[in-house]
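Below is one structure, written out as structure tokens, with a few remarks after it.
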Amino acid sequence: MAADPASVGLAAPSSSELPAGGLLRTWRLVRAQRKAMAGGAIVLAFVLVAVFAPLLAPYAPTEQNVMDAMQGPSAAHWMGTDSFGQDILSRVFYGARSALWIGFASVVLGLLVGVPLGVLAGLRGGRSEWAIMRLVDGLLAFPELIMAMAFMAVLGLGMVNVIYALALSFVGPFARMVRADVLQVKSRPYVEAARLMGVPEREVVLRHVLPNIVSPILIQAGMRVSIAILLGSGLSFLGLGVVPPTPDWGLMIAEGRGFISMAPWMSGMPGIALAILLVGLNLLAEGVRDALDPGTRGQH
């Protein structure tokens, strides 16, 4: 049974113990997890494909050739072509860029807003905490996909708006998790001692609070990346995300569903790529969680 992300890694050392030795120890723990290594290899492969797509892709992703439309996999087109004669392999390579950019950028933006809100709510308490948590409850009242769809309907289509929409949907979960961790950390003797000694709150946060909650934040962020990629592809599939002719796996799956009986590779190839990437991200996140969570480390 997986541990609650809000309680993961709270036994981490203070910042004075973290630098080189702590990073090396963390790497050794992660390296010992086969799931983390397997998932990391898959994710790294997709990152390299995305970065070097211009060198790896045999054709331009938007190059059309009606004479080659809907051709099956062959030596000229390893994954076949779509209804516009575009090379699917090239579009899958470039689509990895869209997927990874949406996944990581939306999670980073969600962290930049959610973590400060959670820290502020946990440390200040009182009316500040009440106001912040009511805002968070309002964000959590809507499923992530529904909130993203509403956001896209207001601001319009495009990759940038997809990133903003998903980031907004992640603020609530990050803020609630961080607040729960901060409430546990701030009651510890060394934090209370630092505050009684008159250490500025900024120093308390940077030296004692954040180093002790960084593990659950990273684990939760890793899990959210795969969710962001799936939601981003879902929005594009529904026609509310990335707009054509931008290479995007969700768009490619949607375009191929009308030809699924006569040209299954049109939807199948980007669908397989999406599935493999999501499996890799989940394996990596689970491996890191098992490595950093004292509650599950000895069970694997």
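Ligands are numbered from 1 in the order shown, residues from 1 within each chain, and chains are lettered A, B, ... in the order they appear in the structure tokens.
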Q. Using only C-alpha atoms, which residues sit within 12 Å of Gly241 of chain A once same-chain residues fewer than 5 positions away are excluded, as an NGL selection string?
A. :A and (98-99 or 102 or 145 or 148-153 or 155-166 or 229-236 or 246-251 or 254)
Those same residues, written as a PDB file, in the first residue's frame with C-alpha atoms?
ATOM      1  CA  SER A  98       4.936  19.073 -26.859  1.00  0.00           C
ATOM      2  CA  ALA A  99       4.159  16.335 -24.343  1.00  0.00           C
ATOM      3  CA  ILE A 102       3.396  20.613 -21.244  1.00  0.00           C
ATOM      4  CA  LEU A 145      -9.826  17.973 -16.473  1.00  0.00           C
ATOM      5  CA  ALA A 148      -8.653  22.809 -17.490  1.00  0.00           C
ATOM      6  CA  MET A 149     -11.486  22.616 -20.020  1.00  0.00           C
ATOM      7  CA  ALA A 150     -13.204  25.643 -18.464  1.00  0.00           C
ATOM      8  CA  PHE A 151      -9.939  27.590 -18.490  1.00  0.00           C
ATOM      9  CA  MET A 152      -9.337  26.743 -22.158  1.00  0.00           C
ATOM     10  CA  ALA A 153     -12.878  27.756 -23.045  1.00  0.00           C
ATOM     11  CA  LEU A 155      -8.711  31.931 -22.794  1.00  0.00           C
ATOM     12  CA  GLY A 156      -8.720  29.986 -26.055  1.00  0.00           C
ATOM     13  CA  LEU A 157      -6.630  27.215 -27.562  1.00  0.00           C
ATOM     14  CA  GLY A 158      -2.863  26.826 -27.739  1.00  0.00           C
ATOM     15  CA  MET A 159      -0.012  25.137 -25.918  1.00  0.00           C
ATOM     16  CA  VAL A 160       0.688  28.071 -23.597  1.00  0.00           C
ATOM     17  CA  ASN A 161      -2.907  28.149 -22.388  1.00  0.00           C
ATOM     18  CA  VAL A 162      -2.835  24.367 -21.887  1.00  0.00           C
ATOM     19  CA  ILE A 163       0.183  24.814 -19.599  1.00  0.00           C
ATOM     20  CA  TYR A 164      -1.519  27.595 -17.618  1.00  0.00           C
ATOM     21  CA  ALA A 165      -4.749  25.607 -17.323  1.00  0.00           C
ATOM     22  CA  LEU A 166      -3.017  22.492 -15.998  1.00  0.00           C
ATOM     23  CA  ILE A 229       0.922  14.844 -20.048  1.00  0.00           C
ATOM     24  CA  LEU A 230      -2.183  12.652 -20.051  1.00  0.00           C
ATOM     25  CA  LEU A 231      -4.499  15.614 -19.434  1.00  0.00           C
ATOM     26  CA  GLY A 232      -2.739  17.697 -22.084  1.00  0.00           C
ATOM     27  CA  SER A 233      -3.179  14.929 -24.644  1.00  0.00           C
ATOM     28  CA  GLY A 234      -6.795  14.544 -23.542  1.00  0.00           C
ATOM     29  CA  LEU A 235      -7.493  18.231 -24.106  1.00  0.00           C
ATOM     30  CA  SER A 236      -5.963  18.057 -27.584  1.00  0.00           C
ATOM     31  CA  THR A 246       1.441  21.432 -34.344  1.00  0.00           C
ATOM     32  CA  PRO A 247       2.634  17.839 -33.795  1.00  0.00           C
ATOM     33  CA  ASP A 248       0.801  16.589 -30.706  1.00  0.00           C
ATOM     34  CA  TRP A 249       0.009  13.026 -29.723  1.00  0.00           C
ATOM     35  CA  GLY A 250      -3.536  13.824 -28.607  1.00  0.00           C
ATOM     36  CA  LEU A 251      -4.251  15.544 -31.923  1.00  0.00           C
ATOM     37  CA  ALA A 254      -8.012  12.244 -32.623  1.00  0.00           C
TER      38      ALA A 254
END
**Q.** Spatial neighbours of segment 131-140 of chain A, max dist 8 Å, only C-alpha atoms, sep filter under 2 positions, as a list of chain:residue names
**A.** A:Leu117, A:Ala121, A:Arg127, A:Ser128, A:Glu129, A:Phe142, A:Pro143, A:Ser169, A:Val171, A:Gly172, A:Pro173, A:Ala175, A:Arg176
Just the selected residues (all heavy atoms), exported as a short mmCIF file (atom, residue, chain, number, x, y, z; two decimals), in the first residue's frame, please.
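Done, and the output landed in result.cif:
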data_model
loop_
_atom_site.label_atom_id
_atom_site.label_comp_id
_atom_site.auth_asym_id
_atom_site.auth_seq_id
_atom_site.Cartn_x
_atom_site.Cartn_y
_atom_site.Cartn_z
N LEU A 117 1.98 29.01 -1.15
CA LEU A 117 0.68 29.07 -0.47
C LEU A 117 0.62 28.07 0.67
O LEU A 117 0.13 28.39 1.77
CB LEU A 117 -0.45 28.80 -1.47
CG LEU A 117 -0.78 29.91 -2.47
CD1 LEU A 117 -1.87 29.45 -3.42
CD2 LEU A 117 -1.22 31.18 -1.75
N ALA A 121 0.32 29.09 4.62
CA ALA A 121 -0.82 28.62 5.41
C ALA A 121 -0.36 27.83 6.62
O ALA A 121 -0.89 27.98 7.73
CB ALA A 121 -1.74 27.77 4.54
N ARG A 127 -6.25 33.50 10.44
CA ARG A 127 -7.07 33.94 9.32
C ARG A 127 -6.38 33.72 7.98
O ARG A 127 -7.04 33.43 6.98
CB ARG A 127 -7.42 35.42 9.49
CG ARG A 127 -8.33 35.71 10.67
CD ARG A 127 -8.68 37.19 10.75
NE ARG A 127 -9.60 37.45 11.87
CZ ARG A 127 -10.06 38.67 12.17
NH1 ARG A 127 -9.67 39.73 11.44
NH2 ARG A 127 -10.89 38.83 13.18
N SER A 128 -5.07 33.88 7.97
CA SER A 128 -4.33 33.66 6.72
C SER A 128 -4.50 32.22 6.25
O SER A 128 -4.78 31.96 5.07
CB SER A 128 -2.84 33.96 6.91
OG SER A 128 -2.64 35.31 7.25
N GLU A 129 -4.35 31.29 7.18
CA GLU A 129 -4.52 29.88 6.82
C GLU A 129 -5.95 29.61 6.37
O GLU A 129 -6.17 28.91 5.38
CB GLU A 129 -4.17 28.99 8.02
CG GLU A 129 -4.32 27.50 7.73
CD GLU A 129 -4.04 26.65 8.93
OE1 GLU A 129 -4.05 27.19 10.07
OE2 GLU A 129 -3.81 25.44 8.76
N PHE A 142 -13.25 21.20 -8.24
CA PHE A 142 -13.44 20.82 -9.63
C PHE A 142 -12.40 19.78 -10.03
O PHE A 142 -11.22 19.95 -9.72
CB PHE A 142 -13.30 22.04 -10.55
CG PHE A 142 -14.30 23.12 -10.27
CD1 PHE A 142 -13.98 24.17 -9.42
CD2 PHE A 142 -15.56 23.09 -10.84
CE1 PHE A 142 -14.89 25.18 -9.15
CE2 PHE A 142 -16.48 24.09 -10.58
CZ PHE A 142 -16.15 25.13 -9.73
N PRO A 143 -12.81 18.72 -10.71
CA PRO A 143 -11.82 17.77 -11.25
C PRO A 143 -10.85 18.50 -12.17
O PRO A 143 -11.20 19.49 -12.81
CB PRO A 143 -12.67 16.76 -12.03
CG PRO A 143 -14.04 16.86 -11.43
CD PRO A 143 -14.19 18.29 -11.00
N SER A 169 -4.77 23.85 -12.15
CA SER A 169 -5.42 22.69 -11.55
C SER A 169 -4.51 21.97 -10.55
O SER A 169 -5.00 21.21 -9.71
CB SER A 169 -5.86 21.71 -12.64
OG SER A 169 -4.75 21.09 -13.27
N VAL A 171 -2.33 23.64 -8.46
CA VAL A 171 -2.03 24.51 -7.32
C VAL A 171 -2.66 23.96 -6.04
O VAL A 171 -2.02 23.89 -4.98
CB VAL A 171 -2.50 25.95 -7.59
CG1 VAL A 171 -2.45 26.78 -6.31
CG2 VAL A 171 -1.64 26.60 -8.66
N GLY A 172 -3.92 23.57 -6.11
CA GLY A 172 -4.63 23.07 -4.93
C GLY A 172 -3.98 21.85 -4.30
O GLY A 172 -3.69 21.84 -3.09
N PRO A 173 -3.73 20.78 -5.08
CA PRO A 173 -3.08 19.60 -4.48
C PRO A 173 -1.72 19.89 -3.88
O PRO A 173 -1.39 19.39 -2.80
CB PRO A 173 -2.97 18.63 -5.68
CG PRO A 173 -4.07 19.04 -6.59
CD PRO A 173 -4.19 20.52 -6.44
N ALA A 175 -0.59 22.82 -2.69
CA ALA A 175 -0.74 23.66 -1.51
C ALA A 175 -1.22 22.84 -0.31
O ALA A 175 -0.70 23.01 0.80
CB ALA A 175 -1.71 24.80 -1.80
N ARG A 176 -2.19 21.98 -0.51
CA ARG A 176 -2.71 21.17 0.61
C ARG A 176 -1.65 20.22 1.13
O ARG A 176 -1.49 20.06 2.35
CB ARG A 176 -3.94 20.40 0.14
CG ARG A 176 -4.45 19.41 1.18
CD ARG A 176 -5.83 18.89 0.84
NE ARG A 176 -6.85 19.90 1.11
CZ ARG A 176 -8.15 19.67 1.01
NH1 ARG A 176 -8.60 18.49 0.64
NH2 ARG A 176 -9.02 20.63 1.28
#
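The two atoms in question, atom CA of Met37 of chain A and atom CA of Gly287 of chain A, are spaced 7.8 Å apart.
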Q: Mind listing the alpha helix (DSSP H) residues of segment 151-279 of chain A, per DSSP on the backbone, as a PyMOL selection string?
A: chain A and resi 151-155+159-185+189-196+201-204+210-237+249-256+265-279
Q | Gap from atom CA of Pro211 of chain A to atom CA of Phe174 of chain A - Å, one decimal | A | 16.2 Å
Q. Between atom CA of Ala141 of chain A and atom CA of Ala105 of chain A, what is the spacing in Å?
A.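 Interatomic distance here is 23.2 Å.
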(Q) Can you tell me which residues surround Arg224 of chain A at a distance of at most 8 Å, considering only C-alpha atoms, apart from same-chain residues fewer than 4 positions away, and format the answer as JSON, numbers by chain? (A) {"A": [103, 107, 170, 220, 228]}
Q. Neighbours of Trp265 of chain A within 9 Å (only C-alpha atoms; same-chain residues fewer than 6 positions away dropped), as a VMD selection string?
A. chain A and resid 70 72 to 73 79 to 82 88 256
Export of the given selection (N, CA, C and O atoms) as a PDB file, in the first residue's frame:
ATOM      1  N   MET A  70      -1.990   7.976 -45.969  1.00  0.00           N
ATOM      2  CA  MET A  70      -2.487   6.746 -45.347  1.00  0.00           C
ATOM      3  C   MET A  70      -1.742   5.500 -45.817  1.00  0.00           C
ATOM      4  O   MET A  70      -2.322   4.434 -45.989  1.00  0.00           O
ATOM      5  N   GLY A  72       0.794   2.464 -45.103  1.00  0.00           N
ATOM      6  CA  GLY A  72       1.195   1.689 -43.943  1.00  0.00           C
ATOM      7  C   GLY A  72       2.680   1.783 -43.682  1.00  0.00           C
ATOM      8  O   GLY A  72       3.431   2.350 -44.488  1.00  0.00           O
ATOM      9  N   PRO A  73       3.143   1.255 -42.540  1.00  0.00           N
ATOM     10  CA  PRO A  73       4.574   1.270 -42.240  1.00  0.00           C
ATOM     11  C   PRO A  73       5.386   0.634 -43.360  1.00  0.00           C
ATOM     12  O   PRO A  73       5.039  -0.434 -43.877  1.00  0.00           O
ATOM     13  N   MET A  79       6.580   4.370 -39.543  1.00  0.00           N
ATOM     14  CA  MET A  79       5.311   4.289 -38.818  1.00  0.00           C
ATOM     15  C   MET A  79       4.121   4.624 -39.711  1.00  0.00           C
ATOM     16  O   MET A  79       3.018   4.825 -39.218  1.00  0.00           O
ATOM     17  N   GLY A  80       4.344   4.691 -41.001  1.00  0.00           N
ATOM     18  CA  GLY A  80       3.264   5.007 -41.920  1.00  0.00           C
ATOM     19  C   GLY A  80       3.039   6.502 -42.049  1.00  0.00           C
ATOM     20  O   GLY A  80       3.808   7.320 -41.531  1.00  0.00           O
ATOM     21  N   THR A  81       1.970   6.861 -42.750  1.00  0.00           N
ATOM     22  CA  THR A  81       1.611   8.270 -42.939  1.00  0.00           C
ATOM     23  C   THR A  81       0.157   8.476 -42.547  1.00  0.00           C
ATOM     24  O   THR A  81      -0.619   7.520 -42.433  1.00  0.00           O
ATOM     25  N   ASP A  82      -0.211   9.746 -42.353  1.00  0.00           N
ATOM     26  CA  ASP A  82      -1.587  10.056 -41.976  1.00  0.00           C
ATOM     27  C   ASP A  82      -2.403  10.454 -43.203  1.00  0.00           C
ATOM     28  O   ASP A  82      -1.948  10.321 -44.342  1.00  0.00           O
ATOM     29  N   ILE A  88       4.365   9.873 -39.869  1.00  0.00           N
ATOM     30  CA  ILE A  88       3.946   9.736 -38.477  1.00  0.00           C
ATOM     31  C   ILE A  88       5.148   9.646 -37.549  1.00  0.00           C
ATOM     32  O   ILE A  88       5.123  10.195 -36.433  1.00  0.00           O
ATOM     33  N   GLY A 256      -6.714  10.251 -36.230  1.00  0.00           N
ATOM     34  CA  GLY A 256      -6.725   8.889 -36.754  1.00  0.00           C
ATOM     35  C   GLY A 256      -7.921   8.056 -36.355  1.00  0.00           C
ATOM     36  O   GLY A 256      -8.121   6.967 -36.911  1.00  0.00           O
TER      37      GLY A 256
END
Q: Would you list the contacts of Glu63 of chain A as a ChimeraX atom specification, taking every protein, DNA or RNA residue within 12 Å and counting only C-alpha atoms, but skipping same-chain residues closer than 4 positions in sequence?
A: /A:57-59,68-69,81-82,84-88,90-91,245-247
Q: Write out as a list in words which residues come within 9 Å of Gly271 of chain A when counting only C-alpha atoms, dropping same-chain ones fewer than 3 positions away.
A: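 Once the nearby chain positions are removed, what remains is Trp249, Gly250, Met252, Ile253, Met266, Ser267, Gly268, Leu274, Ala275 and Ile276 of chain A.
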Expected file: the selected residues, all heavy atoms, as a short mmCIF file (atom, residue, chain, number, x, y, z; two decimals), in the first residue's frame:
data_model
loop_
_atom_site.label_atom_id
_atom_site.label_comp_id
_atom_site.auth_asym_id
_atom_site.auth_seq_id
_atom_site.Cartn_x
_atom_site.Cartn_y
_atom_site.Cartn_z
N TRP A 249 0.51 14.40 -29.74
CA TRP A 249 0.01 13.03 -29.72
C TRP A 249 -1.51 12.96 -29.58
O TRP A 249 -2.16 12.14 -30.22
CB TRP A 249 0.68 12.25 -28.59
CG TRP A 249 2.14 12.04 -28.82
CD1 TRP A 249 2.82 12.14 -30.00
CD2 TRP A 249 3.13 11.70 -27.84
NE1 TRP A 249 4.16 11.89 -29.82
CE2 TRP A 249 4.38 11.61 -28.51
CE3 TRP A 249 3.07 11.46 -26.47
CZ2 TRP A 249 5.55 11.29 -27.83
CZ3 TRP A 249 4.25 11.14 -25.81
CH2 TRP A 249 5.48 11.05 -26.48
N GLY A 250 -2.08 13.82 -28.75
CA GLY A 250 -3.54 13.82 -28.61
C GLY A 250 -4.22 14.18 -29.91
O GLY A 250 -5.23 13.56 -30.29
N MET A 252 -2.99 13.72 -32.91
CA MET A 252 -2.77 12.63 -33.85
C MET A 252 -3.73 11.47 -33.59
O MET A 252 -4.26 10.87 -34.53
CB MET A 252 -1.32 12.15 -33.76
CG MET A 252 -0.29 13.20 -34.19
SD MET A 252 1.41 12.72 -33.84
CE MET A 252 1.59 11.34 -34.97
N ILE A 253 -3.97 11.18 -32.33
CA ILE A 253 -4.93 10.11 -31.99
C ILE A 253 -6.32 10.50 -32.43
O ILE A 253 -7.08 9.68 -32.98
CB ILE A 253 -4.88 9.82 -30.48
CG1 ILE A 253 -3.49 9.26 -30.09
CG2 ILE A 253 -5.97 8.83 -30.09
CD1 ILE A 253 -3.30 9.11 -28.60
N MET A 266 -2.39 5.22 -37.62
CA MET A 266 -2.51 6.66 -37.44
C MET A 266 -2.76 7.03 -35.99
O MET A 266 -2.20 7.99 -35.46
CB MET A 266 -3.63 7.22 -38.33
CG MET A 266 -3.29 7.23 -39.81
SD MET A 266 -4.66 7.79 -40.86
CE MET A 266 -4.96 9.43 -40.17
N SER A 267 -3.61 6.27 -35.32
CA SER A 267 -3.85 6.49 -33.89
C SER A 267 -2.97 5.60 -33.03
O SER A 267 -2.60 5.99 -31.91
CB SER A 267 -5.32 6.22 -33.55
OG SER A 267 -6.17 7.20 -34.08
N GLY A 268 -2.64 4.43 -33.55
CA GLY A 268 -1.90 3.46 -32.75
C GLY A 268 -0.49 3.89 -32.40
O GLY A 268 -0.05 3.73 -31.25
N LEU A 274 2.66 7.50 -26.28
CA LEU A 274 2.11 8.10 -25.06
C LEU A 274 2.10 7.10 -23.92
O LEU A 274 2.49 7.42 -22.79
CB LEU A 274 0.70 8.63 -25.33
CG LEU A 274 -0.06 9.21 -24.15
CD1 LEU A 274 0.66 10.41 -23.57
CD2 LEU A 274 -1.48 9.60 -24.57
N ALA A 275 1.68 5.87 -24.20
CA ALA A 275 1.61 4.84 -23.16
C ALA A 275 2.99 4.52 -22.60
O ALA A 275 3.17 4.39 -21.38
CB ALA A 275 0.95 3.58 -23.72
N ILE A 276 3.98 4.40 -23.48
CA ILE A 276 5.34 4.07 -23.02
C ILE A 276 5.90 5.19 -22.15
O ILE A 276 6.51 4.94 -21.10
CB ILE A 276 6.26 3.81 -24.23
CG1 ILE A 276 5.82 2.54 -24.96
CG2 ILE A 276 7.71 3.67 -23.77
CD1 ILE A 276 6.59 2.27 -26.24
#
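For the residues A:Gly198, A:Gly110, A:Gly122, A:Pro116, ranking by smallest atom-to-atom distance to Ala167 of chain A using only C-alpha atoms places A:Gly110 first.
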